[in-house]
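Coordinates from start_3.json are shown below (JSON, C-alpha atoms and all ligand atoms).
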```json
[["chain", "number", "residue", "atom", "x", "y", "z"],
["A", 5, "MET", "CA", 27.20, -8.83, -2.53],
["A", 6, "SER", "CA", 26.42, -5.31, -3.76],
["A", 7, "PHE", "CA", 24.55, -4.68, -6.99],
["A", 8, "ASP", "CA", 24.60, -2.02, -9.64],
["A", 9, "TYR", "CA", 20.86, -1.49, -9.28],
["A", 10, "ASN", "CA", 20.77, 1.40, -11.77],
["A", 11, "ASN", "CA", 21.99, -0.86, -14.54],
["A", 12, "ILE", "CA", 19.69, -3.68, -13.51],
["A", 13, "PHE", "CA", 16.73, -1.25, -13.65],
["A", 14, "LYS", "CA", 17.64, -0.22, -17.19],
["A", 15, "GLU", "CA", 18.03, -3.81, -18.37],
["A", 16, "ILE", "CA", 14.71, -4.90, -16.92],
["A", 17, "PHE", "CA", 12.91, -1.82, -18.24],
["A", 18, "LEU", "CA", 14.11, -2.59, -21.77],
["A", 19, "GLN", "CA", 12.94, -6.15, -21.34],
["A", 20, "ILE", "CA", 9.43, -5.24, -20.17],
["A", 21, "GLU", "CA", 9.12, -2.57, -22.86],
["A", 22, "GLN", "CA", 9.05, -5.45, -25.33],
["A", 23, "THR", "CA", 6.08, -7.17, -23.72],
["A", 24, "GLN", "CA", 2.73, -5.63, -24.46],
["A", 25, "ASP", "CA", 1.34, -3.71, -21.47],
["A", 26, "ARG", "CA", -1.96, -5.52, -21.22],
["A", 27, "GLY", "CA", -3.22, -3.51, -18.29],
["A", 28, "LYS", "CA", -5.98, -0.92, -18.06],
["A", 29, "ILE", "CA", -5.94, 2.26, -16.01],
["A", 30, "ALA", "CA", -8.32, 2.37, -12.98],
["A", 31, "ASP", "CA", -11.03, 4.74, -14.14],
["A", 32, "TYR", "CA", -13.74, 3.73, -11.68],
["A", 33, "ILE", "CA", -12.41, 6.66, -9.63],
["A", 34, "PRO", "CA", -12.84, 9.41, -12.27],
["A", 35, "GLU", "CA", -9.89, 11.49, -11.05],
["A", 36, "LEU", "CA", -7.49, 8.55, -11.56],
["A", 37, "GLY", "CA", -8.62, 8.10, -15.16],
["A", 38, "GLY", "CA", -6.73, 11.19, -16.36],
["A", 39, "VAL", "CA", -3.22, 9.90, -15.53],
["A", 40, "ASP", "CA", -0.78, 9.29, -18.42],
["A", 41, "PRO", "CA", -0.91, 5.48, -18.82],
["A", 42, "ASN", "CA", 2.67, 5.28, -20.10],
["A", 43, "LYS", "CA", 4.38, 6.52, -16.96],
["A", 44, "PHE", "CA", 6.88, 4.19, -15.34],
["A", 45, "GLY", "CA", 9.14, 4.81, -12.38],
["A", 46, "VAL", "CA", 11.16, 2.83, -9.86],
["A", 47, "HIS", "CA", 13.16, 3.82, -6.78],
["A", 48, "LEU", "CA", 15.16, 1.63, -4.40],
["A", 49, "ILE", "CA", 16.69, 2.60, -1.07],
["A", 50, "SER", "CA", 19.23, 0.21, 0.42],
["A", 51, "ILE", "CA", 19.52, -0.35, 4.14],
["A", 52, "ASP", "CA", 22.75, 1.69, 4.18],
["A", 53, "GLY", "CA", 20.83, 4.69, 2.76],
["A", 54, "ARG", "CA", 21.84, 4.59, -0.92],
["A", 55, "HIS", "CA", 19.28, 5.62, -3.53],
["A", 56, "TYR", "CA", 18.80, 4.14, -7.01],
["A", 57, "SER", "CA", 16.11, 5.20, -9.46],
["A", 58, "PHE", "CA", 14.87, 5.00, -13.02],
["A", 59, "GLY", "CA", 12.17, 6.65, -15.14],
["A", 60, "ASP", "CA", 9.38, 8.81, -13.73],
["A", 61, "SER", "CA", 10.40, 8.17, -10.14],
["A", 62, "ASP", "CA", 10.02, 11.81, -9.06],
["A", 63, "GLU", "CA", 6.39, 12.22, -10.12],
["A", 64, "LEU", "CA", 3.54, 12.29, -7.65],
["A", 65, "PHE", "CA", 0.86, 9.61, -7.95],
["A", 66, "SER", "CA", -2.05, 8.46, -5.82],
["A", 67, "ILE", "CA", -0.88, 5.68, -3.49],
["A", 68, "GLN", "CA", -4.47, 4.47, -2.82],
["A", 69, "SER", "CA", -4.52, 1.17, -0.90],
["A", 70, "ILE", "CA", -0.81, 1.28, -0.11],
["A", 71, "ALA", "CA", -1.75, 3.75, 2.65],
["A", 72, "LYS", "CA", -3.66, 0.92, 4.36],
["A", 73, "VAL", "CA", -0.34, -0.43, 5.65],
["A", 74, "LEU", "CA", 0.32, 2.93, 7.30],
["A", 75, "THR", "CA", -3.10, 3.17, 8.96],
["A", 76, "LEU", "CA", -2.66, -0.40, 10.18],
["A", 77, "SER", "CA", 0.79, 0.43, 11.58],
["A", 78, "LEU", "CA", -0.55, 3.43, 13.50],
["A", 79, "ALA", "CA", -3.61, 1.58, 14.81],
["A", 80, "TYR", "CA", -1.51, -1.45, 15.84],
["A", 81, "LYS", "CA", 0.96, 0.82, 17.63],
["A", 82, "LEU", "CA", -1.91, 2.39, 19.62],
["A", 83, "GLU", "CA", -4.33, -0.50, 20.05],
["A", 84, "ASN", "CA", -2.05, -3.56, 20.41],
["A", 85, "GLN", "CA", -3.61, -7.06, 20.32],
["A", 86, "LYS", "CA", -7.19, -5.77, 20.78],
["A", 87, "LEU", "CA", -7.08, -4.79, 17.14],
["A", 88, "TRP", "CA", -7.35, -8.42, 15.97],
["A", 89, "LYS", "CA", -10.76, -8.87, 17.59],
["A", 90, "ARG", "CA", -12.25, -6.67, 14.88],
["A", 91, "VAL", "CA", -10.28, -7.75, 11.79],
["A", 92, "GLY", "CA", -8.66, -11.04, 10.72],
["A", 93, "VAL", "CA", -5.31, -11.94, 9.14],
["A", 94, "GLU", "CA", -6.35, -14.41, 6.41],
["A", 95, "PRO", "CA", -6.06, -13.78, 2.67],
["A", 96, "SER", "CA", -9.56, -13.19, 1.37],
["A", 97, "GLY", "CA", -9.30, -14.80, -2.06],
["A", 98, "ASN", "CA", -12.01, -12.34, -3.11],
["A", 99, "PRO", "CA", -11.84, -8.95, -4.84],
["A", 100, "PHE", "CA", -10.75, -6.07, -2.60],
["A", 101, "ASN", "CA", -14.21, -4.50, -2.50],
["A", 102, "SER", "CA", -16.28, -7.67, -2.13],
["A", 103, "LEU", "CA", -19.38, -7.63, 0.09],
["A", 104, "VAL", "CA", -20.29, -11.31, -0.07],
["A", 105, "GLN", "CA", -17.78, -12.74, 2.40],
["A", 106, "LEU", "CA", -18.46, -10.03, 4.94],
["A", 107, "GLU", "CA", -22.05, -11.19, 5.29],
["A", 108, "TYR", "CA", -20.94, -14.77, 6.02],
["A", 109, "ASP", "CA", -18.23, -13.58, 8.43],
["A", 110, "GLU", "CA", -20.72, -11.43, 10.38],
["A", 111, "GLY", "CA", -19.08, -8.11, 9.68],
["A", 112, "VAL", "CA", -15.49, -9.09, 10.59],
["A", 113, "PRO", "CA", -13.25, -8.47, 7.55],
["A", 114, "ARG", "CA", -10.76, -11.18, 6.57],
["A", 115, "ASN", "CA", -7.75, -8.84, 6.74],
["A", 116, "PRO", "CA", -6.84, -5.13, 7.14],
["A", 117, "PHE", "CA", -5.91, -4.62, 3.47],
["A", 118, "ILE", "CA", -9.21, -5.37, 1.77],
["A", 119, "ASN", "CA", -11.47, -2.32, 1.78],
["A", 120, "ALA", "CA", -13.68, -3.64, 4.60],
["A", 121, "GLY", "CA", -10.64, -4.20, 6.83],
["A", 122, "ALA", "CA", -9.21, -0.77, 6.08],
["A", 123, "LEU", "CA", -12.58, 0.79, 6.88],
["A", 124, "VAL", "CA", -12.59, -0.90, 10.33],
["A", 125, "ILE", "CA", -9.03, 0.34, 10.94],
["A", 126, "SER", "CA", -10.19, 3.84, 9.89],
["A", 127, "ASP", "CA", -13.02, 3.61, 12.41],
["A", 128, "MET", "CA", -10.52, 2.63, 15.13],
["A", 129, "LEU", "CA", -8.23, 5.56, 14.35],
["A", 130, "ILE", "CA", -11.15, 7.99, 14.48],
["A", 131, "SER", "CA", -11.87, 6.74, 18.01],
["A", 132, "LEU", "CA", -8.22, 6.70, 19.09],
["A", 133, "LEU", "CA", -7.03, 10.07, 17.74],
["A", 134, "GLU", "CA", -8.15, 13.53, 18.72],
["A", 135, "TYR", "CA", -7.61, 15.00, 15.24],
["A", 136, "PRO", "CA", -7.61, 11.85, 13.08],
["A", 137, "LYS", "CA", -6.81, 13.23, 9.62],
["A", 138, "GLN", "CA", -4.20, 15.67, 10.91],
["A", 139, "GLU", "CA", -2.48, 13.18, 13.20],
["A", 140, "PHE", "CA", -2.42, 10.48, 10.55],
["A", 141, "ILE", "CA", -0.85, 12.70, 7.89],
["A", 142, "GLU", "CA", 1.76, 13.82, 10.43],
["A", 143, "PHE", "CA", 2.60, 10.16, 11.05],
["A", 144, "VAL", "CA", 3.05, 9.64, 7.29],
["A", 145, "ARG", "CA", 5.19, 12.79, 7.02],
["A", 146, "LYS", "CA", 7.44, 11.52, 9.78],
["A", 147, "LEU", "CA", 7.89, 8.13, 8.07],
["A", 148, "SER", "CA", 8.55, 9.71, 4.68],
["A", 149, "ASN", "CA", 10.80, 12.47, 6.02],
["A", 150, "ASN", "CA", 8.82, 14.79, 3.81],
["A", 151, "ASN", "CA", 6.60, 17.51, 5.28],
["A", 152, "LYS", "CA", 4.96, 18.15, 1.94],
["A", 153, "ILE", "CA", 3.14, 14.80, 1.81],
["A", 154, "ASP", "CA", -0.59, 15.51, 1.82],
["A", 155, "TYR", "CA", -4.08, 14.32, 1.03],
["A", 156, "CYS", "CA", -5.41, 15.26, -2.41],
["A", 157, "SER", "CA", -8.88, 16.73, -1.98],
["A", 158, "ARG", "CA", -9.71, 16.31, -5.71],
["A", 159, "ILE", "CA", -9.05, 12.55, -5.57],
["A", 160, "ALA", "CA", -10.85, 12.12, -2.23],
["A", 161, "GLN", "CA", -13.88, 14.03, -3.54],
["A", 162, "SER", "CA", -13.87, 12.10, -6.80],
["A", 163, "GLU", "CA", -13.94, 8.80, -4.92],
["A", 164, "LYS", "CA", -16.60, 10.03, -2.52],
["A", 165, "GLU", "CA", -18.89, 10.79, -5.47],
["A", 166, "VAL", "CA", -18.77, 7.17, -6.68],
["A", 167, "GLY", "CA", -18.07, 5.40, -3.37],
["A", 168, "TYR", "CA", -21.32, 3.43, -3.18],
["A", 169, "ARG", "CA", -19.63, 0.09, -2.59],
["A", 170, "ASN", "CA", -17.43, 1.37, 0.23],
["A", 171, "ALA", "CA", -20.54, 2.98, 1.76],
["A", 172, "ALA", "CA", -22.28, -0.41, 1.52],
["A", 173, "LEU", "CA", -19.34, -2.10, 3.29],
["A", 174, "VAL", "CA", -19.36, 0.36, 6.22],
["A", 175, "ASN", "CA", -23.13, 0.15, 6.56],
["A", 176, "LEU", "CA", -23.05, -3.65, 6.54],
["A", 177, "MET", "CA", -20.32, -3.72, 9.21],
["A", 178, "LYS", "CA", -22.18, -1.13, 11.28],
["A", 179, "SER", "CA", -25.25, -3.39, 11.20],
["A", 180, "PHE", "CA", -23.06, -6.12, 12.75],
["A", 181, "GLY", "CA", -21.73, -3.71, 15.42],
["A", 182, "ASN", "CA", -18.16, -3.55, 14.03],
["A", 183, "ILE", "CA", -18.20, 0.22, 13.31],
["A", 184, "ASP", "CA", -18.40, 2.66, 16.25],
["A", 185, "ASN", "CA", -18.38, 6.05, 14.51],
["A", 186, "GLU", "CA", -20.72, 7.71, 12.02],
["A", 187, "VAL", "CA", -20.65, 6.06, 8.57],
["A", 188, "ASP", "CA", -19.90, 9.40, 6.83],
["A", 189, "ASP", "CA", -16.94, 10.12, 9.13],
["A", 190, "VAL", "CA", -15.42, 6.68, 8.47],
["A", 191, "LEU", "CA", -15.84, 7.11, 4.71],
["A", 192, "ASP", "CA", -14.37, 10.60, 4.78],
["A", 193, "PHE", "CA", -11.24, 9.39, 6.63],
["A", 194, "TYR", "CA", -10.93, 6.38, 4.29],
["A", 195, "PHE", "CA", -11.27, 8.37, 1.05],
["A", 196, "ASN", "CA", -8.70, 10.82, 2.32],
["A", 197, "LEU", "CA", -6.12, 8.21, 3.26],
["A", 198, "CYS", "CA", -6.51, 6.64, -0.19],
["A", 199, "SER", "CA", -5.96, 10.05, -1.81],
["A", 200, "ILE", "CA", -2.41, 10.60, -0.47],
["A", 201, "ARG", "CA", 0.09, 11.33, -3.24],
["A", 202, "MET", "CA", 3.76, 10.41, -3.23],
["A", 203, "THR", "CA", 6.68, 9.87, -5.58],
["A", 204, "ASN", "CA", 8.40, 6.48, -5.83],
["A", 205, "LYS", "CA", 11.19, 7.93, -3.73],
["A", 206, "ASP", "CA", 8.78, 9.05, -0.97],
["A", 207, "LEU", "CA", 7.09, 5.69, -1.03],
["A", 208, "ALA", "CA", 10.31, 3.69, -0.68],
["A", 209, "GLN", "CA", 11.46, 6.01, 2.12],
["A", 210, "THR", "CA", 8.12, 5.77, 3.94],
["A", 211, "PHE", "CA", 8.28, 1.98, 4.09],
["A", 212, "MET", "CA", 11.93, 1.75, 5.19],
["A", 213, "TYR", "CA", 10.86, 1.22, 8.83],
["A", 214, "LEU", "CA", 9.44, -2.16, 7.79],
["A", 215, "ALA", "CA", 12.74, -3.14, 6.14],
["A", 216, "ASN", "CA", 14.67, -1.88, 9.17],
["A", 217, "ASN", "CA", 13.14, -3.90, 12.03],
["A", 218, "GLY", "CA", 10.55, -1.24, 12.90],
["A", 219, "ILE", "CA", 13.00, 1.70, 13.11],
["A", 220, "GLU", "CA", 12.70, 4.76, 10.86],
["A", 221, "PRO", "CA", 16.29, 4.85, 9.61],
["A", 222, "ILE", "CA", 16.90, 8.60, 9.26],
["A", 223, "SER", "CA", 15.76, 9.71, 12.72],
["A", 224, "GLY", "CA", 16.46, 6.36, 14.39],
["A", 225, "GLU", "CA", 13.00, 6.47, 15.99],
["A", 226, "ARG", "CA", 11.35, 3.14, 16.76],
["A", 227, "ILE", "CA", 7.96, 3.09, 15.03],
["A", 228, "LEU", "CA", 6.95, -0.51, 15.79],
["A", 229, "SER", "CA", 8.33, -3.31, 17.95],
["A", 230, "LEU", "CA", 10.15, -6.20, 16.26],
["A", 231, "SER", "CA", 7.17, -8.48, 16.75],
["A", 232, "LYS", "CA", 4.69, -5.97, 15.28],
["A", 233, "THR", "CA", 7.00, -5.31, 12.33],
["A", 234, "LYS", "CA", 7.21, -9.04, 11.63],
["A", 235, "ARG", "CA", 3.42, -9.29, 11.68],
["A", 236, "ILE", "CA", 2.80, -6.35, 9.37],
["A", 237, "ASN", "CA", 5.34, -7.78, 6.91],
["A", 238, "ALA", "CA", 3.63, -11.17, 7.18],
["A", 239, "ILE", "CA", 0.23, -9.66, 6.33],
["A", 240, "MET", "CA", 1.75, -7.82, 3.37],
["A", 241, "GLN", "CA", 3.21, -11.12, 2.20],
["A", 242, "THR", "CA", -0.08, -13.00, 2.43],
["A", 243, "CYS", "CA", -2.67, -10.28, 1.73],
["A", 244, "GLY", "CA", -0.91, -7.35, 0.04],
["A", 245, "PHE", "CA", -2.08, -7.95, -3.54],
["A", 246, "TYR", "CA", -5.83, -8.47, -3.35],
["A", 247, "ASP", "CA", -6.76, -11.90, -4.68],
["A", 248, "GLU", "CA", -3.39, -12.13, -6.43],
["A", 249, "ALA", "CA", -1.30, -12.29, -3.23],
["A", 250, "GLY", "CA", -0.30, -15.91, -3.85],
["A", 251, "GLU", "CA", 0.83, -15.04, -7.37],
["A", 252, "PHE", "CA", 2.94, -12.10, -6.17],
["A", 253, "SER", "CA", 4.51, -14.26, -3.48],
["A", 254, "PHE", "CA", 5.20, -17.00, -6.02],
["A", 255, "LYS", "CA", 6.70, -14.71, -8.66],
["A", 256, "VAL", "CA", 8.38, -12.00, -6.58],
["A", 257, "GLY", "CA", 8.86, -13.46, -3.10],
["A", 258, "LEU", "CA", 8.77, -10.21, -1.12],
["A", 259, "PRO", "CA", 6.26, -8.67, 1.29],
["A", 260, "GLY", "CA", 4.60, -5.73, -0.43],
["A", 261, "LYS", "CA", 1.44, -3.76, -1.10],
["A", 262, "SER", "CA", -0.15, -2.41, -4.23],
["A", 263, "GLY", "CA", -2.73, 0.29, -4.93],
["A", 264, "VAL", "CA", -5.11, 0.96, -7.81],
["A", 265, "GLY", "CA", -3.13, 4.13, -8.63],
["A", 266, "GLY", "CA", -0.54, 1.72, -10.12],
["A", 267, "GLY", "CA", 1.99, 1.85, -7.28],
["A", 268, "ILE", "CA", 3.67, -1.12, -5.64],
["A", 269, "VAL", "CA", 5.99, -1.06, -2.65],
["A", 270, "ALA", "CA", 7.96, -4.16, -1.64],
["A", 271, "LEU", "CA", 10.84, -4.79, 0.73],
["A", 272, "LEU", "CA", 13.53, -7.22, 1.68],
["A", 273, "PRO", "CA", 14.12, -6.99, 5.45],
["A", 274, "ASN", "CA", 17.59, -5.70, 6.36],
["A", 275, "LYS", "CA", 18.39, -5.09, 2.70],
["A", 276, "TYR", "CA", 16.18, -2.61, 0.80],
["A", 277, "CYS", "CA", 12.80, -1.13, 0.03],
["A", 278, "ILE", "CA", 11.67, -0.68, -3.59],
["A", 279, "ALA", "CA", 8.73, 1.24, -5.07],
["A", 280, "THR", "CA", 7.43, 1.00, -8.65],
["A", 281, "TRP", "CA", 4.74, 2.96, -10.44],
["A", 282, "SER", "CA", 2.99, 2.16, -13.72],
["A", 283, "PRO", "CA", -0.72, 3.08, -13.90],
["A", 284, "LYS", "CA", -2.13, 0.28, -16.08],
["A", 285, "LEU", "CA", -3.57, -2.50, -13.93],
["A", 286, "ASN", "CA", -4.10, -6.19, -14.63],
["A", 287, "LYS", "CA", -7.49, -7.85, -14.08],
["A", 288, "LYS", "CA", -6.87, -8.28, -10.36],
["A", 289, "GLY", "CA", -6.14, -4.56, -9.90],
["A", 290, "ASN", "CA", -2.33, -4.74, -9.60],
["A", 291, "SER", "CA", 0.06, -2.76, -11.81],
["A", 292, "PHE", "CA", 0.78, -4.96, -14.83],
["A", 293, "LYS", "CA", 4.29, -3.65, -15.47],
["A", 294, "GLY", "CA", 5.11, -3.19, -11.78],
["A", 295, "MET", "CA", 4.46, -6.88, -11.10],
["A", 296, "LYS", "CA", 6.52, -7.93, -14.14],
["A", 297, "PHE", "CA", 9.33, -5.57, -13.19],
["A", 298, "LEU", "CA", 9.57, -6.90, -9.64],
["A", 299, "GLU", "CA", 9.43, -10.50, -10.80],
["A", 300, "LEU", "CA", 12.40, -9.92, -13.09],
["A", 301, "PHE", "CA", 14.16, -7.89, -10.40],
["A", 302, "THR", "CA", 14.13, -10.61, -7.73],
["A", 303, "THR", "CA", 14.93, -13.25, -10.35],
["A", 304, "LYS", "CA", 17.94, -11.35, -11.67],
["A", 305, "THR", "CA", 19.32, -10.39, -8.25],
["A", 306, "GLU", "CA", 18.37, -13.76, -6.70],
["A", 307, "LEU", "CA", 17.29, -11.85, -3.62],
["A", 308, "SER", "CA", 14.00, -12.63, -1.95],
["A", 309, "ILE", "CA", 12.84, -13.70, 1.49],
["A", 310, "PHE", "CA", 12.79, -17.34, 0.40],
["A", 401, "LIG", "N1", -9.72, 3.86, -2.79],
["A", 401, "LIG", "C1", -9.78, 2.61, -3.49],
["A", 401, "LIG", "C2", -11.13, 1.93, -3.26],
["A", 401, "LIG", "O1", -11.63, 1.95, -2.17],
["A", 401, "LIG", "C3", -8.67, 1.77, -2.98],
["A", 401, "LIG", "C4", -8.53, 0.57, -3.79],
["A", 401, "LIG", "C5", -7.13, 0.06, -3.85],
["A", 401, "LIG", "O2", -6.16, 0.77, -4.12],
["A", 401, "LIG", "O3", -7.06, -1.14, -3.64],
["A", 401, "LIG", "O4", -11.67, 1.39, -4.18]]
```
Give the structure from the file, written as structure tokens.
Amino acid sequence: MSFDYNNIFKEIFLQIEQTQDRGKIADYIPELGGVDPNKFGVHLISIDGRHYSFGDSDELFSIQSIAKVLTLSLAYKLENQKLWKRVGVEPSGNPFNSLVQLEYDEGVPRNPFINAGALVISDMLISLLEYPKQEFIEFVRKLSNNNKIDYCSRIAQSEKEVGYRNAALVNLMKSFGNIDNEVDDVLDFYFNLCSIRMTNKDLAQTFMYLANNGIEPISGERILSLSKTKRINAIMQTCGFYDEAGEFSFKVGLPGKSGVGGGIVALLPNKYCIATWSPKLNKKGNSFKGMKFLELFTTKTELSIF
């Protein structure tokens, strides 16, 4: 069945406009605090390459933690199964920047999408790549088919200035022997990857390889094997929304990932990839309107992985 997604987007937008946006913009990173809280955009790319969009879908925003899926993909491609000795695949049930569990788990993060896990993956990439920041952004540009995608030095610097908790996480893991490189180098790579800016369209395009069995659809290049693609999608399904992953799975039923910049990307294998952006976040750090929008979207279209 094919859908008139443009009309569905409009209908759902009108519906969520009537509910009060109870979220709050993430201002713990000062540079994110200045974003217009009323922005809303959505973009969907179907597996046959059609584009559908609504609202502010062409505006750049900070993808933050969404980039953790891309660092994981690159590290998994290069490191294979060895990767899982240093990071787990269980939902954490704790806030994304929690230190407590890491102490009990002796410096091995529960999964690659909480901050601790993404910091270990950053450490791995620094060891594996000759020019880590350059090679990683080139990987992202290839996936997005957009050579203009870049780090935002203002956002990276702004996070560095208040990044005490991330510094604590790296130091704690280093004390357990799970960080090989210098703490400052790991933090610098991490703050940069979180600072990448994209539009909804870029974001949906970038994640198409995960909807297309590991193949980037425009070039036809295989990015990940089928088995690795399945596993990354499985981790997005179980761990992609901080300590609200169960809720997202229950309400939306798609693998996805959110970031504190207000972006969400989600996909239905062999069907489509969709990206939403609305900066106000709920208490768990996920976009309030983005979650609502996607819940209504999979309910209306009756399309989900379940
Ligand atoms: N750069 C953010 C942090 O480390 C990422 C958080 C997120 O988007 O989940 O706090």
Show me which residues sit within 10 Å of ligand LIG 401 (chain A) when counting only C-alpha atoms and all ligand atoms, and put them as a PyMOL selection string.
chain A and resi 30+32-33+66-72+99-101+117-120+122-123+159-160+163-164+166-171+191+194-199+244-246+261-267+288-290
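Using all atoms listed in the file, the contacts of region 151-154 of chain A at a cut-off of 7 Å, with sequence neighbours closer than 2 positions omitted, comprise Ile141, Arg145, Asn149, Cys156, Ile200, Arg201 and Met202 of chain A.
In terms of minimum interatomic distance to Gln105 (chain A), A:Leu176 ranks closest within A:Ala215, A:Leu176, A:Lys232, A:Phe13, counting all atoms listed in the file.
Ranking A:Phe310, A:Tyr56, A:Phe292, A:Phe44 by their shortest atom-to-atom distance to Asn10 (chain A), with all atoms listed in the file included, puts A:Tyr56 first.
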Determine the nearest neighbour of Val93 (chain A) from the options A:Ser6, A:Gln19, A:Ser231, A:Thr242, counting only C-alpha atoms.
A:Thr242
Contacts of Leu147 (chain A) at 12 Å or less, counting only C-alpha atoms, minus same-chain residues fewer than 2 places along, as a PyMOL selection string?
chain A and resi 71+74+77-78+140-145+149-151+153+206-214+218-228
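The gap separating CA of Ile239 (chain A) from CA of Ser96 (chain A) is 11.5 Å, in Å to one decimal.
Nearest-residue note for Asp184 (chain A): choosing from A:Arg90, A:Arg235, A:Gly250, A:Lys255, the minimum distance belongs to A:Arg90, counting only C-alpha atoms.
For Thr303 (chain A), the list of residues within 12 Å, based on all atoms listed in the file and with local chain neighbours fewer than 2 positions off taken out, reads Ile12, Ile16, Phe254, Lys255, Val256, Gly257, Leu258, Lys296, Phe297, Leu298, Glu299, Leu300, Phe301, Thr305, Glu306, Leu307, Ser308 and Phe310 of chain A.
Between CA of Gly181 (chain A) and CA of Gln241 (chain A) the interatomic distance comes to 29.2 Å.
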Neighbouring residues of Gly260 (chain A) were defined as those with any atom within 6 Å, considering all atoms listed in the file; residues of the same chain fewer than 4 positions away were excluded. Please report them as a ChimeraX atom specification.
/A:240,244,269-270
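Closest to Leu18 (chain A) among A:Glu139, A:Phe58, A:Glu186, A:Asp31 is A:Phe58, based on only C-alpha atoms.
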